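Q: model.txt is the file, holding compact mmCIF, C-alpha atoms:
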# COMPACT_ATOMS: atom_id res chain seq x y z
CA ASP A 16 -83.78 -88.00 -13.86
CA GLN A 17 -80.28 -86.79 -13.10
CA GLN A 18 -78.43 -89.89 -11.87
CA VAL A 19 -75.13 -88.05 -11.39
CA LYS A 20 -75.20 -84.57 -9.92
CA GLN A 21 -72.58 -81.91 -9.38
CA ASN A 22 -74.38 -79.30 -7.33
CA SER A 23 -71.69 -76.63 -7.48
CA PRO A 24 -71.56 -74.99 -10.91
CA SER A 25 -68.33 -73.22 -10.04
CA LEU A 26 -65.49 -73.12 -7.53
CA SER A 27 -62.80 -70.51 -7.04
CA VAL A 28 -59.61 -71.20 -5.04
CA GLN A 29 -56.25 -69.59 -4.47
CA GLU A 30 -53.12 -71.12 -5.97
CA GLY A 31 -51.49 -73.55 -3.53
CA ARG A 32 -54.71 -74.25 -1.62
CA ILE A 33 -56.88 -77.36 -1.84
CA SER A 34 -59.69 -77.66 -4.38
CA ILE A 35 -62.54 -80.01 -3.45
CA LEU A 36 -65.07 -80.92 -6.12
CA ASN A 37 -68.12 -82.92 -5.15
CA CYS A 38 -70.42 -85.33 -6.94
CA ASP A 39 -73.50 -87.28 -5.84
CA TYR A 40 -75.14 -90.22 -7.55
CA THR A 41 -78.38 -92.11 -7.14
CA ASN A 42 -77.85 -95.40 -8.98
CA SER A 43 -76.41 -98.00 -6.62
CA MET A 44 -75.57 -100.21 -9.62
CA PHE A 45 -72.69 -97.94 -10.64
CA ASP A 46 -69.39 -99.77 -10.16
CA TYR A 47 -66.92 -97.30 -11.58
CA PHE A 48 -66.49 -93.59 -11.05
CA LEU A 49 -64.32 -91.24 -13.05
CA TRP A 50 -63.30 -87.61 -13.19
CA TYR A 51 -62.69 -85.83 -16.47
CA LYS A 52 -61.19 -82.41 -17.08
CA LYS A 53 -62.21 -80.21 -19.99
CA TYR A 54 -60.56 -77.11 -21.39
CA PRO A 55 -62.46 -74.82 -23.79
CA ALA A 56 -62.63 -76.08 -27.39
CA GLU A 57 -61.17 -79.44 -26.38
CA GLY A 58 -62.73 -82.78 -25.56
CA PRO A 59 -62.76 -84.02 -21.97
CA THR A 60 -59.64 -85.87 -20.86
CA PHE A 61 -59.48 -88.59 -18.25
CA LEU A 62 -58.09 -87.54 -14.90
CA ILE A 63 -58.60 -90.24 -12.29
CA SER A 64 -60.98 -93.07 -11.49
CA ILE A 65 -62.06 -95.32 -8.65
CA SER A 66 -63.88 -98.62 -8.53
CA SER A 67 -66.62 -99.32 -6.03
CA ILE A 68 -64.43 -101.73 -4.10
CA LYS A 69 -62.18 -98.89 -3.00
CA ASP A 70 -62.77 -95.73 -1.02
CA LYS A 71 -59.71 -93.77 -2.08
CA ASN A 72 -57.44 -93.51 -5.10
CA GLU A 73 -54.49 -91.15 -5.33
CA ASP A 74 -52.47 -89.98 -8.31
CA GLY A 75 -50.00 -87.22 -7.61
CA ARG A 76 -51.88 -84.05 -6.67
CA PHE A 77 -55.25 -85.69 -7.36
CA THR A 78 -57.16 -87.88 -4.92
CA VAL A 79 -60.65 -89.27 -5.40
CA PHE A 80 -62.70 -90.35 -2.40
CA LEU A 81 -65.76 -92.58 -2.62
CA ASN A 82 -68.40 -92.88 0.10
CA LYS A 83 -70.74 -95.62 -1.10
CA SER A 84 -73.17 -95.39 1.78
CA ALA A 85 -73.69 -91.70 1.04
CA LYS A 86 -73.46 -92.21 -2.74
CA HIS A 87 -70.95 -89.41 -2.84
CA LEU A 88 -67.55 -88.90 -4.37
CA SER A 89 -65.14 -86.05 -4.27
CA LEU A 90 -61.99 -84.97 -6.06
CA HIS A 91 -59.26 -83.26 -4.09
CA ILE A 92 -56.55 -81.31 -5.85
CA VAL A 93 -53.67 -80.21 -3.68
CA PRO A 94 -51.85 -77.95 -4.18
CA SER A 95 -54.05 -76.28 -6.78
CA GLN A 96 -52.33 -74.63 -9.73
CA PRO A 97 -53.60 -72.03 -12.23
CA GLY A 98 -53.29 -74.67 -14.99
CA ASP A 99 -55.92 -76.72 -13.17
CA SER A 100 -58.53 -74.12 -14.15
CA ALA A 101 -61.02 -76.05 -16.30
CA VAL A 102 -64.43 -77.72 -16.18
CA TYR A 103 -64.44 -80.95 -14.18
CA PHE A 104 -67.00 -83.65 -14.87
CA CYS A 105 -67.66 -86.66 -12.71
CA ALA A 106 -68.97 -89.76 -14.43
CA ALA A 107 -70.25 -93.17 -13.37
CA GLY A 108 -70.87 -96.48 -15.05
CA GLY A 109 -70.67 -100.24 -14.83
CA THR A 110 -67.08 -100.20 -16.09
CA SER A 111 -64.50 -97.55 -16.93
CA TYR A 112 -64.95 -98.06 -20.65
CA GLY A 113 -68.67 -98.70 -21.07
CA LYS A 114 -71.57 -96.29 -21.20
CA LEU A 115 -71.04 -93.49 -18.69
CA THR A 116 -73.43 -91.07 -17.05
CA PHE A 117 -71.94 -87.62 -16.54
CA GLY A 118 -72.66 -84.82 -14.12
CA GLN A 119 -73.26 -81.22 -15.15
CA GLY A 120 -69.68 -80.18 -14.53
CA THR A 121 -68.01 -77.73 -12.13
CA ILE A 122 -65.97 -74.81 -13.40
CA LEU A 123 -62.78 -74.58 -11.32
CA THR A 124 -60.84 -71.33 -11.32
CA VAL A 125 -57.47 -71.25 -9.58
CA HIS A 126 -56.22 -67.72 -8.98
CA PRO A 127 -52.47 -66.99 -8.92
CA GLY B 9 -54.58 -91.04 -36.49
CA ALA B 10 -53.50 -90.85 -32.88
CA GLY B 11 -56.75 -89.43 -31.55
CA VAL B 12 -60.48 -89.21 -32.17
CA SER B 13 -61.15 -86.84 -35.05
CA GLN B 14 -64.43 -84.95 -35.45
CA SER B 15 -65.57 -82.79 -38.31
CA PRO B 16 -66.58 -80.11 -38.80
CA SER B 17 -65.29 -78.37 -35.69
CA ASN B 18 -67.98 -75.71 -36.06
CA LYS B 19 -71.27 -75.75 -37.94
CA VAL B 20 -73.83 -73.00 -38.25
CA THR B 21 -77.08 -74.05 -39.86
CA GLU B 22 -80.50 -72.62 -40.43
CA LYS B 23 -83.45 -73.97 -38.52
CA GLY B 24 -85.11 -76.76 -40.47
CA LYS B 25 -82.00 -77.87 -42.34
CA ASP B 26 -80.36 -81.29 -41.93
CA VAL B 27 -76.80 -81.65 -40.64
CA GLU B 28 -74.28 -84.47 -40.57
CA LEU B 29 -71.52 -84.69 -37.98
CA ARG B 30 -68.62 -87.06 -38.49
CA CYS B 31 -66.47 -89.00 -36.04
CA ASP B 32 -63.33 -90.93 -36.92
CA PRO B 33 -62.39 -93.05 -33.87
CA ILE B 34 -59.04 -94.41 -32.85
CA SER B 35 -58.14 -97.42 -34.96
CA GLY B 36 -58.94 -100.64 -33.15
CA HIS B 37 -61.36 -99.10 -30.66
CA THR B 38 -64.49 -101.22 -30.90
CA ALA B 39 -66.77 -98.96 -28.85
CA LEU B 40 -67.93 -95.53 -30.06
CA TYR B 41 -70.13 -93.05 -28.22
CA TRP B 42 -71.89 -89.81 -29.04
CA TYR B 43 -72.61 -87.31 -26.29
CA ARG B 44 -73.71 -83.71 -26.41
CA GLN B 45 -73.14 -80.78 -24.11
CA SER B 46 -75.73 -78.06 -24.18
CA LEU B 47 -75.02 -74.66 -22.62
CA GLY B 48 -74.81 -75.07 -18.84
CA GLN B 49 -75.53 -78.77 -19.03
CA GLY B 50 -73.48 -81.89 -18.49
CA LEU B 51 -72.58 -84.47 -21.07
CA GLU B 52 -75.77 -86.08 -22.28
CA PHE B 53 -75.49 -89.60 -23.67
CA LEU B 54 -76.94 -90.01 -27.16
CA ILE B 55 -75.93 -93.34 -28.72
CA TYR B 56 -73.40 -96.15 -28.27
CA PHE B 57 -71.95 -98.59 -30.80
CA GLN B 58 -70.14 -101.72 -29.65
CA GLY B 59 -68.63 -103.94 -32.32
CA ASN B 60 -71.29 -105.65 -34.41
CA SER B 61 -73.97 -105.43 -31.73
CA ALA B 62 -77.13 -103.41 -32.22
CA PRO B 63 -76.47 -99.83 -31.10
CA ASP B 64 -77.84 -98.49 -27.83
CA LYS B 65 -79.99 -95.59 -29.05
CA SER B 66 -81.65 -94.92 -25.70
CA GLY B 67 -80.27 -91.39 -25.42
CA LEU B 68 -81.41 -90.01 -28.76
CA PRO B 69 -83.78 -87.13 -27.89
CA SER B 70 -86.13 -87.51 -30.85
CA ASP B 71 -86.60 -89.36 -34.13
CA ARG B 72 -84.91 -86.44 -35.89
CA PHE B 73 -81.63 -87.85 -34.58
CA SER B 74 -79.96 -90.90 -36.10
CA ALA B 75 -76.47 -92.31 -36.28
CA GLU B 76 -74.66 -95.00 -38.13
CA ARG B 77 -71.26 -96.54 -37.96
CA THR B 78 -69.90 -97.94 -41.19
CA GLY B 79 -67.48 -100.85 -41.23
CA GLY B 80 -67.02 -100.61 -37.50
CA SER B 81 -65.07 -97.41 -37.87
CA VAL B 82 -66.31 -93.96 -38.93
CA SER B 83 -69.61 -92.79 -37.47
CA THR B 84 -72.02 -90.15 -38.70
CA LEU B 85 -74.60 -88.44 -36.50
CA THR B 86 -77.44 -86.95 -38.53
CA ILE B 87 -79.91 -84.40 -37.25
CA GLN B 88 -82.88 -83.76 -39.50
CA ARG B 89 -84.97 -80.57 -39.51
CA THR B 90 -82.71 -78.92 -36.94
CA GLN B 91 -84.24 -76.87 -34.15
CA GLN B 92 -82.65 -74.16 -32.02
CA GLU B 93 -82.61 -76.47 -29.00
CA ASP B 94 -80.27 -78.76 -30.96
CA SER B 95 -77.52 -76.15 -30.55
CA ALA B 96 -74.79 -77.79 -28.49
CA VAL B 97 -71.31 -79.26 -28.65
CA TYR B 98 -71.51 -82.81 -29.97
CA LEU B 99 -68.74 -85.01 -28.63
CA CYS B 100 -67.64 -88.38 -29.90
CA ALA B 101 -65.55 -90.83 -27.91
CA SER B 102 -64.09 -94.22 -28.60
CA SER B 103 -62.96 -96.63 -25.95
CA THR B 104 -61.08 -99.74 -25.07
CA ARG B 105 -60.67 -101.37 -21.69
CA ASN B 106 -58.19 -98.58 -20.95
CA GLY B 107 -60.97 -96.05 -21.08
CA TYR B 108 -62.41 -93.29 -23.20
CA THR B 109 -60.74 -90.92 -25.61
CA PHE B 110 -62.86 -87.96 -26.64
CA GLY B 111 -62.65 -85.91 -29.78
CA SER B 112 -62.65 -82.11 -29.65
CA GLY B 113 -66.30 -81.95 -30.59
CA THR B 114 -68.46 -80.22 -33.16
CA ARG B 115 -70.07 -76.97 -32.03
CA LEU B 116 -73.47 -76.83 -33.72
CA THR B 117 -75.35 -73.56 -33.81
CA VAL B 118 -78.88 -73.50 -35.21
CA VAL B 119 -80.02 -70.00 -36.17
Can you give me the file's structure in the form of structure tokens?
A:
Amino acid sequence: DQQVKQNSPSLSVQEGRISILNCDYTNSMFDYFLWYKKYPAEGPTFLISISSIKDKNEDGRFTVFLNKSAKHLSLHIVPSQPGDSAVYFCAAGGTSYGKLTFGQGTILTVHP
Amino acid sequence: GAGVSQSPSNKVTEKGKDVELRCDPISGHTALYWYRQSLGQGLEFLIYFQGNSAPDKSGLPSDRFSAERTGGSVSTLTIQRTQQEDSAVYLCASSTRNGYTFGSGTRLTVV
């Protein structure tokens, strides 16, 4: 039972354009949603998060949108840069620091 | 240390052998997690330690997997009688209220 799903295994965008990564979840008890970025041979690093009481959180080039009624969240990166090329995981849990359920990841490639 | 340290970084083992993976969390982080990432899969929760509470072992895939955390610090994940499907990157994370910090993982290959 995959409670957090990232249906796009990969995404390719041109430098300077917007990257939109999507994530769907099924458990309505999730209160916190996070995005992690992972480079090869490194552990995932925290990127941005949003609590269920909000529908948008912005940090520089990164914005996370939450649609609770649709149980859907998305990460927007604008403008995209080649250094953003990595695997992006969405995650959900009761808090930002407790047990998290992760999606399968989306490989983002930003072409110069 | 400043981060979560995992060892070894790579481990190749023969099917049927036992392996031990080590995680040294950030000092003062009371919560410690083990996840694994199989090829093409997401991060799969394995086990969670929180302070002196009984660990949440709900993600361990079989009784060949076990983990312990000694003195509330270092944790060891043990896989007995390894199988090829155990091949994956095993990631450890520790957390505070400020969130997770992951180690770089141990890439386990069972041949």
Q: Identify every residue of chain B that has at least one atom within 12 Å of any atom of chain A, counting only C-alpha atoms, and report the result as a VMD selection string.
A: chain B and resid 11 to 14 17 to 18 37 to 58 63 to 67 97 to 115
Q: From the options A:Ala101, A:Leu26, A:Ala107, A:Ile63, which residue's atoms come nearest to Ser43 of chain A, counting all atoms listed in the file?
A: A:Ala107
Q: Write out as a list in words each polymer residue whose atoms come within 7 Å of Val125 of chain A, counting only C-alpha atoms; drop sequence neighbours fewer than 2 positions from it.
A: Ser27, Val28, Gln29, Glu30, Ser95, Gln96, Pro97, Asp99, Ser100, Leu123 and Pro127 of chain A
Q: Of the candidates B:Val118, B:Lys25, B:Gly80, B:Gly36, which shows the shortest atom-to-atom distance to Glu93 of chain B, using all atoms listed in the file?
A: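 Checking each of B:Val118, B:Lys25, B:Gly80, B:Gly36 against Glu93 of chain B, counting all atoms listed in the file, the winner is B:Val118.
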Q: Go ahead and fit an axis-aligned box to every listed atom of segment 63-75 of chain A plus 3 Å each side, and pass me the centre and edge lengths in Å, one decimal, as lines of an AutoDock Vina configuration file.
A:
center_x = -58.3
center_y = -94.5
center_z = -6.7
size_x = 22.6
size_y = 20.5
size_z = 17.3
Q: By how many Å are atom CA of Thr84 of chain B and atom CA of Leu29 of chain B apart?
A: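 So the two atoms, atom CA of Thr84 of chain B and atom CA of Leu29 of chain B, lie 5.5 Å apart.
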Q: Which residues come within 12 Å of Met44 of chain A, counting all atoms listed in the file, excluding same-chain residues fewer than 2 positions away, as a list of chain:residue names?
A: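 Contacts, in chain order: A:Gln18, A:Tyr40, A:Thr41, A:Asn42, A:Asp46, A:Tyr47, A:Phe48, A:Ser66, A:Ser67, A:Lys83, A:Lys86, A:Ala107, A:Gly108, A:Gly109, A:Thr110, A:Thr116.
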Q: Counting all atoms listed in the file, which of B:Pro69, B:Gly79, B:Gly24, B:Pro33 gets nearest to Gln92 of chain B?
A: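 Between B:Pro69, B:Gly79, B:Gly24, B:Pro33, the residue approaching Gln92 of chain B most closely is B:Gly24.
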Q: Please, what distance in Å, to one decimal, runs between atom CA of Tyr103 of chain A and atom CA of Arg32 of chain A?
A: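 Atom CA of Arg32 of chain A lies at a distance of 17.2 Å from atom CA of Tyr103 of chain A.
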